[in-house]
>>> print(open('coords_7.pdb').read())   # PDB, C-alpha atoms, pLDDT in the B column
MODEL        1
ATOM      1  CA  MET A   1    -157.511 112.988   9.609  1.00 57.00           C
ATOM      2  CA  HIS A   2    -157.264 116.340   7.877  1.00 69.00           C
ATOM      3  CA  ASN A   3    -160.015 118.896   8.307  1.00 83.00           C
ATOM      4  CA  VAL A   4    -160.575 119.194   4.550  1.00 89.00           C
ATOM      5  CA  ARG A   5    -163.532 117.921   2.536  1.00 93.00           C
ATOM      6  CA  ILE A   6    -163.286 117.597  -1.235  1.00 96.00           C
ATOM      7  CA  SER A   7    -165.937 116.936  -3.844  1.00 98.00           C
ATOM      8  CA  ILE A   8    -166.139 117.259  -7.598  1.00 98.00           C
ATOM      9  CA  PRO A   9    -169.845 117.837  -8.156  1.00 97.00           C
ATOM     10  CA  SER A  10    -169.713 118.692 -11.846  1.00 97.00           C
ATOM     11  CA  PHE A  11    -167.754 119.175 -15.032  1.00 95.00           C
ATOM     12  CA  ARG A  12    -168.207 121.089 -18.252  1.00 93.00           C
ATOM     13  CA  SER A  13    -166.808 120.946 -21.748  1.00 87.00           C
ATOM     14  CA  GLU A  14    -164.853 123.855 -23.147  1.00 87.00           C
ATOM     15  CA  ASP A  15    -164.523 124.487 -26.836  1.00 81.00           C
ATOM     16  CA  ASN A  16    -161.704 126.630 -28.080  1.00 75.00           C
ATOM     17  CA  PRO A  17    -161.041 127.309 -31.771  1.00 77.00           C
ATOM     18  CA  MET A  18    -157.290 127.521 -31.073  1.00 79.00           C
ATOM     19  CA  GLU A  19    -157.025 124.044 -29.517  1.00 75.00           C
ATOM     20  CA  LYS A  20    -158.877 120.783 -29.128  1.00 79.00           C
ATOM     21  CA  GLY A  21    -161.879 120.841 -26.769  1.00 81.00           C
ATOM     22  CA  TYR A  22    -161.351 119.796 -23.168  1.00 87.00           C
ATOM     23  CA  THR A  23    -163.242 119.150 -19.939  1.00 90.00           C
ATOM     24  CA  VAL A  24    -163.019 121.284 -16.804  1.00 94.00           C
ATOM     25  CA  PHE A  25    -163.781 119.699 -13.427  1.00 96.00           C
ATOM     26  CA  LYS A  26    -165.293 121.834 -10.657  1.00 98.00           C
ATOM     27  CA  ILE A  27    -163.628 121.005  -7.310  1.00 98.00           C
ATOM     28  CA  GLU A  28    -165.371 122.161  -4.145  1.00 98.00           C
ATOM     29  CA  VAL A  29    -163.077 122.496  -1.130  1.00 96.00           C
ATOM     30  CA  LEU A  30    -164.559 122.823   2.361  1.00 94.00           C
ATOM     31  CA  MET A  31    -162.148 123.703   5.152  1.00 88.00           C
ATOM     32  CA  ASN A  32    -162.972 125.215   8.540  1.00 83.00           C
ATOM     33  CA  GLY A  33    -166.540 125.966   7.508  1.00 86.00           C
ATOM     34  CA  ARG A  34    -165.428 127.907   4.437  1.00 89.00           C
ATOM     35  CA  GLN A  35    -165.955 126.666   0.934  1.00 94.00           C
ATOM     36  CA  HIS A  36    -164.253 127.664  -2.267  1.00 96.00           C
ATOM     37  CA  THR A  37    -164.206 126.303  -5.796  1.00 97.00           C
ATOM     38  CA  VAL A  38    -161.275 125.445  -8.027  1.00 97.00           C
ATOM     39  CA  GLU A  39    -161.565 124.411 -11.669  1.00 98.00           C
ATOM     40  CA  LYS A  40    -158.993 122.053 -13.166  1.00 97.00           C
ATOM     41  CA  ARG A  41    -158.482 120.187 -16.413  1.00 95.00           C
ATOM     42  CA  TYR A  42    -157.517 116.517 -16.381  1.00 94.00           C
ATOM     43  CA  SER A  43    -154.031 117.467 -17.623  1.00 94.00           C
ATOM     44  CA  GLU A  44    -153.521 119.462 -14.403  1.00 97.00           C
ATOM     45  CA  PHE A  45    -154.473 116.400 -12.326  1.00 97.00           C
ATOM     46  CA  HIS A  46    -152.061 114.308 -14.370  1.00 96.00           C
ATOM     47  CA  ASN A  47    -149.206 116.795 -13.891  1.00 97.00           C
ATOM     48  CA  LEU A  48    -149.901 116.898 -10.144  1.00 97.00           C
ATOM     49  CA  HIS A  49    -149.800 113.092 -10.037  1.00 97.00           C
ATOM     50  CA  LYS A  50    -146.399 112.974 -11.767  1.00 96.00           C
ATOM     51  CA  ILE A  51    -144.942 115.392  -9.201  1.00 96.00           C
ATOM     52  CA  LEU A  52    -146.563 113.838  -6.115  1.00 96.00           C
ATOM     53  CA  LYS A  53    -145.635 110.244  -6.896  1.00 94.00           C
ATOM     54  CA  LYS A  54    -142.021 111.109  -6.091  1.00 92.00           C
ATOM     55  CA  SER A  55    -142.832 112.052  -2.499  1.00 91.00           C
ATOM     56  CA  ILE A  56    -146.071 110.545  -1.134  1.00 92.00           C
ATOM     57  CA  LYS A  57    -148.306 107.493  -1.267  1.00 85.00           C
ATOM     58  CA  LEU A  58    -150.790 107.883  -4.123  1.00 94.00           C
ATOM     59  CA  PRO A  59    -153.854 106.025  -5.329  1.00 94.00           C
ATOM     60  CA  GLU A  60    -154.270 105.217  -9.000  1.00 93.00           C
ATOM     61  CA  ILE A  61    -155.351 108.163 -11.116  1.00 95.00           C
ATOM     62  CA  PRO A  62    -158.089 107.570 -13.708  1.00 91.00           C
ATOM     63  CA  SER A  63    -156.755 106.749 -17.136  1.00 86.00           C
ATOM     64  CA  LYS A  64    -155.341 109.583 -19.192  1.00 79.00           C
ATOM     65  CA  HIS A  65    -156.857 108.215 -22.371  1.00 77.00           C
ATOM     66  CA  VAL A  66    -160.612 108.203 -22.800  1.00 72.00           C
ATOM     67  CA  ARG A  67    -161.966 106.579 -25.951  1.00 68.00           C
ATOM     68  CA  ASN A  68    -165.376 108.109 -25.816  1.00 64.00           C
ATOM     69  CA  TRP A  69    -166.293 111.600 -24.608  1.00 72.00           C
ATOM     70  CA  VAL A  70    -169.938 110.766 -23.869  1.00 80.00           C
ATOM     71  CA  PRO A  71    -171.393 112.063 -20.580  1.00 85.00           C
ATOM     72  CA  LYS A  72    -171.373 108.608 -18.937  1.00 88.00           C
ATOM     73  CA  VAL A  73    -167.616 108.214 -19.487  1.00 89.00           C
ATOM     74  CA  LEU A  74    -166.937 111.767 -18.291  1.00 91.00           C
ATOM     75  CA  GLU A  75    -169.052 111.083 -15.199  1.00 94.00           C
ATOM     76  CA  GLN A  76    -166.885 108.036 -14.445  1.00 93.00           C
ATOM     77  CA  ARG A  77    -163.766 110.195 -14.794  1.00 94.00           C
ATOM     78  CA  ARG A  78    -165.293 112.879 -12.518  1.00 96.00           C
ATOM     79  CA  HIS A  79    -166.036 110.257  -9.871  1.00 97.00           C
ATOM     80  CA  GLY A  80    -162.551 108.730 -10.211  1.00 97.00           C
ATOM     81  CA  LEU A  81    -160.833 112.111  -9.802  1.00 97.00           C
ATOM     82  CA  GLU A  82    -162.979 112.878  -6.747  1.00 98.00           C
ATOM     83  CA  LEU A  83    -161.956 109.569  -5.127  1.00 97.00           C
ATOM     84  CA  TYR A  84    -158.344 110.247  -6.107  1.00 98.00           C
ATOM     85  CA  LEU A  85    -158.245 113.569  -4.201  1.00 97.00           C
ATOM     86  CA  GLN A  86    -160.169 112.190  -1.218  1.00 96.00           C
ATOM     87  CA  THR A  87    -157.831 109.198  -0.948  1.00 96.00           C
ATOM     88  CA  ILE A  88    -154.718 111.398  -0.995  1.00 95.00           C
ATOM     89  CA  ILE A  89    -156.124 113.388   1.918  1.00 94.00           C
ATOM     90  CA  MET A  90    -157.118 110.290   3.896  1.00 93.00           C
ATOM     91  CA  GLU A  91    -153.942 108.242   3.366  1.00 92.00           C
ATOM     92  CA  ASN A  92    -151.211 110.834   3.868  1.00 90.00           C
ATOM     93  CA  GLU A  93    -150.176 112.233   7.240  1.00 85.00           C
ATOM     94  CA  VAL A  94    -148.556 115.251   5.603  1.00 86.00           C
ATOM     95  CA  LEU A  95    -150.000 116.965   2.553  1.00 88.00           C
ATOM     96  CA  PRO A  96    -147.319 118.515   0.320  1.00 92.00           C
ATOM     97  CA  LYS A  97    -147.435 122.210  -0.513  1.00 92.00           C
ATOM     98  CA  ILE A  98    -147.936 121.420  -4.216  1.00 95.00           C
ATOM     99  CA  PHE A  99    -151.135 119.503  -3.359  1.00 95.00           C
ATOM    100  CA  LEU A 100    -152.409 122.328  -1.153  1.00 94.00           C
ATOM    101  CA  ASP A 101    -151.581 124.860  -3.866  1.00 95.00           C
ATOM    102  CA  PHE A 102    -153.469 122.737  -6.431  1.00 97.00           C
ATOM    103  CA  LEU A 103    -156.573 123.095  -4.221  1.00 96.00           C
ATOM    104  CA  ASN A 104    -155.823 126.737  -3.297  1.00 94.00           C
ATOM    105  CA  ILE A 105    -155.521 125.823   0.396  1.00 90.00           C
ATOM    106  CA  ARG A 106    -153.365 127.891   2.704  1.00 78.00           C
ATOM    107  CA  HIS A 107    -150.960 125.684   4.590  1.00 58.00           C
ATOM    108  CA  PHE A 108    -149.340 125.684   8.008  1.00 49.00           C
ATOM    109  CA  PRO A 109    -145.667 124.803   7.435  1.00 45.00           C
ATOM    110  CA  SER A 110    -144.761 124.476  11.129  1.00 39.00           C
ATOM    111  CA  LEU A 111    -147.272 121.702  11.816  1.00 41.00           C
ATOM    112  CA  PRO A 112    -147.188 118.066  10.730  1.00 45.00           C
ATOM    113  CA  LYS A 113    -150.741 118.241   9.352  1.00 43.00           C
ATOM    114  CA  THR A 114    -152.701 120.853   7.475  1.00 43.00           C
ATOM    115  CA  GLU A 115    -155.631 121.655   9.676  1.00 42.00           C
ATOM    116  CA  SER A 116    -157.467 124.438  11.433  1.00 43.00           C
ATOM    117  CA  CYS A 117    -155.161 125.836  14.076  1.00 43.00           C
ATOM    118  CA  HIS A 118    -155.529 128.487  16.728  1.00 44.00           C
ATOM    119  CA  LEU A 119    -152.762 129.988  18.828  1.00 40.00           C
ATOM    120  CA  LYS A 120    -153.216 130.689  22.537  1.00 40.00           C
ATOM    121  CA  TRP A 121    -150.535 132.231  24.680  1.00 38.00           C
ATOM    122  CA  ASN A 122    -149.815 130.599  28.005  1.00 39.00           C
ATOM    123  CA  LEU A 123    -148.725 133.474  30.217  1.00 38.00           C
ATOM    124  CA  LYS A 124    -147.191 131.270  32.938  1.00 38.00           C
ATOM    125  CA  SER A 125    -144.732 129.543  30.610  1.00 39.00           C
ATOM    126  CA  GLN A 126    -144.566 132.386  28.060  1.00 40.00           C
ATOM    127  CA  GLY A 127    -145.095 129.777  25.396  1.00 40.00           C
ATOM    128  CA  CYS A 128    -147.628 129.279  22.715  1.00 40.00           C
ATOM    129  CA  ILE A 129    -150.289 126.568  22.715  1.00 41.00           C
ATOM    130  CA  VAL A 130    -151.379 125.546  19.228  1.00 40.00           C
ATOM    131  CA  TRP A 131    -154.779 123.871  19.100  1.00 40.00           C
ATOM    132  CA  CYS A 132    -155.674 121.917  15.997  1.00 43.00           C
ATOM    133  CA  SER A 133    -159.055 120.659  14.874  1.00 43.00           C
ATOM    134  CA  CYS A 134    -158.017 117.012  15.084  1.00 44.00           C
ATOM    135  CA  GLN A 135    -157.782 117.451  18.883  1.00 40.00           C
ATOM    136  CA  ARG A 136    -153.981 117.356  18.919  1.00 41.00           C
ATOM    137  CA  TYR A 137    -152.177 119.928  20.980  1.00 41.00           C
ATOM    138  CA  TYR A 138    -148.726 121.344  20.466  1.00 41.00           C
ATOM    139  CA  ARG A 139    -146.705 123.663  22.647  1.00 39.00           C
ATOM    140  CA  LYS A 140    -144.088 126.017  21.307  1.00 37.00           C
ATOM    141  CA  GLU A 141    -141.790 127.453  23.942  1.00 37.00           C
ATOM    142  CA  MET A 142    -139.616 130.428  23.119  1.00 35.00           C
ATOM    143  CA  GLY A 143    -136.876 129.236  20.778  1.00 37.00           C
ATOM    144  CA  MET A 144    -137.899 125.565  20.923  1.00 35.00           C
ATOM    145  CA  GLN A 145    -139.515 123.288  18.386  1.00 38.00           C
ATOM    146  CA  VAL A 146    -143.223 122.489  18.305  1.00 39.00           C
ATOM    147  CA  GLU A 147    -143.948 119.340  20.290  1.00 39.00           C
ATOM    148  CA  HIS A 148    -146.969 117.267  21.232  1.00 41.00           C
ATOM    149  CA  VAL A 149    -148.655 118.160  24.540  1.00 39.00           C
ATOM    150  CA  ASN A 150    -151.149 115.766  26.157  1.00 39.00           C
TER     151      ASN A 150
ENDMDL
END
>>> encode(input="coords_7.pdb", output="structure tokens")
Amino acid sequence: MHNVRISIPSFRSEDNPMEKGYTVFKIEVLMNGRQHTVEKRYSEFHNLHKILKKSIKLPEIPSKHVRNWVPKVLEQRRHGLELYLQTIIMENEVLPKIFLDFLNIRHFPSLPKTESCHLKWNLKSQGCIVWCSCQRYYRKEMGMQVEHVN
């Protein structure tokens, strides 16, 4: 499991005289004890979905078309988008860079999972031990690939 927690606690409507009104969803991302907020429109979720469906297992995304913009319907969409993001994190071993960028999460390209990692040098072997929050260990010897260490 990834060491990332996602919630969408709220949304707000934006009115713009130059275009039709829209809703912005507030995404709270908690990773390694640090929290940040990202705001996204539904259209950004939809664009992400179109890109991701080519490469990873995805849950259904809430419908693009909403007949009624009343708070109850928007609350259902908020909840659906929250479950959508949480399910992607839970069901995919590797999270693509585009997904991490969407959530403004720094990624670790040399590891199979995006998680909290710390490097410790092993002086005897002159290698690097990488400790990850999911309790997996990897060892990187000079010039060799990262591998699982029990």
>>> resolve_selection(input="coords_7.pdb", expression="the PyMOL selection byres ((chain A and resi 41) around 8)", output="number ranges by chain")
A: 22-25, 39-40, 42-45
>>> closest_residue(input="coords_7.pdb", among="A:Phe102, A:Gly21, A:Ser55, A:His49", to="Tyr84 in chain A", atoms="all atoms listed in the file")
A:His49
>>> closest_residue(input="coords_7.pdb", among="A:Val4, A:Ile98, A:Asp15, A:Arg106", to="Lys53 in chain A", atoms="all atoms listed in the file")
A:Ile98
>>> closest_residue(input="coords_7.pdb", among="A:Ser63, A:Asn16, A:Gln35, A:Asn3", to="Leu81 in chain A", atoms="all atoms listed in the file")
A:Ser63
>>> decode(input="coords_7.pdb", residues="range 56-67 of chain A", atoms="N, CA, C and O atoms", output="PDB file, in the first residue's frame")
ATOM      1  N   ILE A  56      -3.002   2.019 -16.784  1.00  0.00           N
ATOM      2  CA  ILE A  56      -3.222   1.362 -15.492  1.00  0.00           C
ATOM      3  C   ILE A  56      -4.692   0.983 -15.304  1.00  0.00           C
ATOM      4  O   ILE A  56      -5.567   1.451 -16.028  1.00  0.00           O
ATOM      5  N   LYS A  57      -4.912   0.155 -14.304  1.00  0.00           N
ATOM      6  CA  LYS A  57      -6.259  -0.267 -13.927  1.00  0.00           C
ATOM      7  C   LYS A  57      -6.970   0.910 -13.260  1.00  0.00           C
ATOM      8  O   LYS A  57      -6.443   1.493 -12.310  1.00  0.00           O
ATOM      9  N   LEU A  58      -8.154   1.235 -13.754  1.00  0.00           N
ATOM     10  CA  LEU A  58      -8.889   2.393 -13.232  1.00  0.00           C
ATOM     11  C   LEU A  58     -10.298   2.021 -12.803  1.00  0.00           C
ATOM     12  O   LEU A  58     -10.954   1.208 -13.450  1.00  0.00           O
ATOM     13  N   PRO A  59     -10.774   2.675 -11.747  1.00  0.00           N
ATOM     14  CA  PRO A  59     -12.193   2.531 -11.400  1.00  0.00           C
ATOM     15  C   PRO A  59     -13.019   3.423 -12.326  1.00  0.00           C
ATOM     16  O   PRO A  59     -12.471   4.215 -13.102  1.00  0.00           O
ATOM     17  N   GLU A  60     -14.316   3.304 -12.238  1.00  0.00           N
ATOM     18  CA  GLU A  60     -15.189   4.198 -12.995  1.00  0.00           C
ATOM     19  C   GLU A  60     -15.058   5.610 -12.440  1.00  0.00           C
ATOM     20  O   GLU A  60     -14.938   5.804 -11.236  1.00  0.00           O
ATOM     21  N   ILE A  61     -15.094   6.586 -13.313  1.00  0.00           N
ATOM     22  CA  ILE A  61     -15.091   7.980 -12.887  1.00  0.00           C
ATOM     23  C   ILE A  61     -16.552   8.448 -12.871  1.00  0.00           C
ATOM     24  O   ILE A  61     -17.347   8.002 -13.708  1.00  0.00           O
ATOM     25  N   PRO A  62     -16.929   9.296 -11.926  1.00  0.00           N
ATOM     26  CA  PRO A  62     -18.301   9.807 -11.928  1.00  0.00           C
ATOM     27  C   PRO A  62     -18.654  10.434 -13.275  1.00  0.00           C
ATOM     28  O   PRO A  62     -17.790  10.962 -13.975  1.00  0.00           O
ATOM     29  N   SER A  63     -19.899  10.370 -13.605  1.00  0.00           N
ATOM     30  CA  SER A  63     -20.380  10.843 -14.897  1.00  0.00           C
ATOM     31  C   SER A  63     -19.949  12.277 -15.197  1.00  0.00           C
ATOM     32  O   SER A  63     -19.949  13.137 -14.320  1.00  0.00           O
ATOM     33  N   LYS A  64     -19.610  12.489 -16.461  1.00  0.00           N
ATOM     34  CA  LYS A  64     -19.212  13.823 -16.900  1.00  0.00           C
ATOM     35  C   LYS A  64     -20.409  14.776 -16.918  1.00  0.00           C
ATOM     36  O   LYS A  64     -20.276  15.957 -16.644  1.00  0.00           O
ATOM     37  N   HIS A  65     -21.562  14.233 -17.218  1.00  0.00           N
ATOM     38  CA  HIS A  65     -22.749  15.075 -17.355  1.00  0.00           C
ATOM     39  C   HIS A  65     -23.587  15.038 -16.089  1.00  0.00           C
ATOM     40  O   HIS A  65     -23.950  13.969 -15.602  1.00  0.00           O
ATOM     41  N   VAL A  66     -23.847  16.211 -15.554  1.00  0.00           N
ATOM     42  CA  VAL A  66     -24.684  16.344 -14.368  1.00  0.00           C
ATOM     43  C   VAL A  66     -25.890  17.186 -14.780  1.00  0.00           C
ATOM     44  O   VAL A  66     -25.738  18.290 -15.289  1.00  0.00           O
ATOM     45  N   ARG A  67     -27.076  16.634 -14.560  1.00  0.00           N
ATOM     46  CA  ARG A  67     -28.296  17.340 -14.971  1.00  0.00           C
ATOM     47  C   ARG A  67     -28.622  18.519 -14.075  1.00  0.00           C
ATOM     48  O   ARG A  67     -29.177  19.504 -14.498  1.00  0.00           O
TER      49      ARG A  67
END
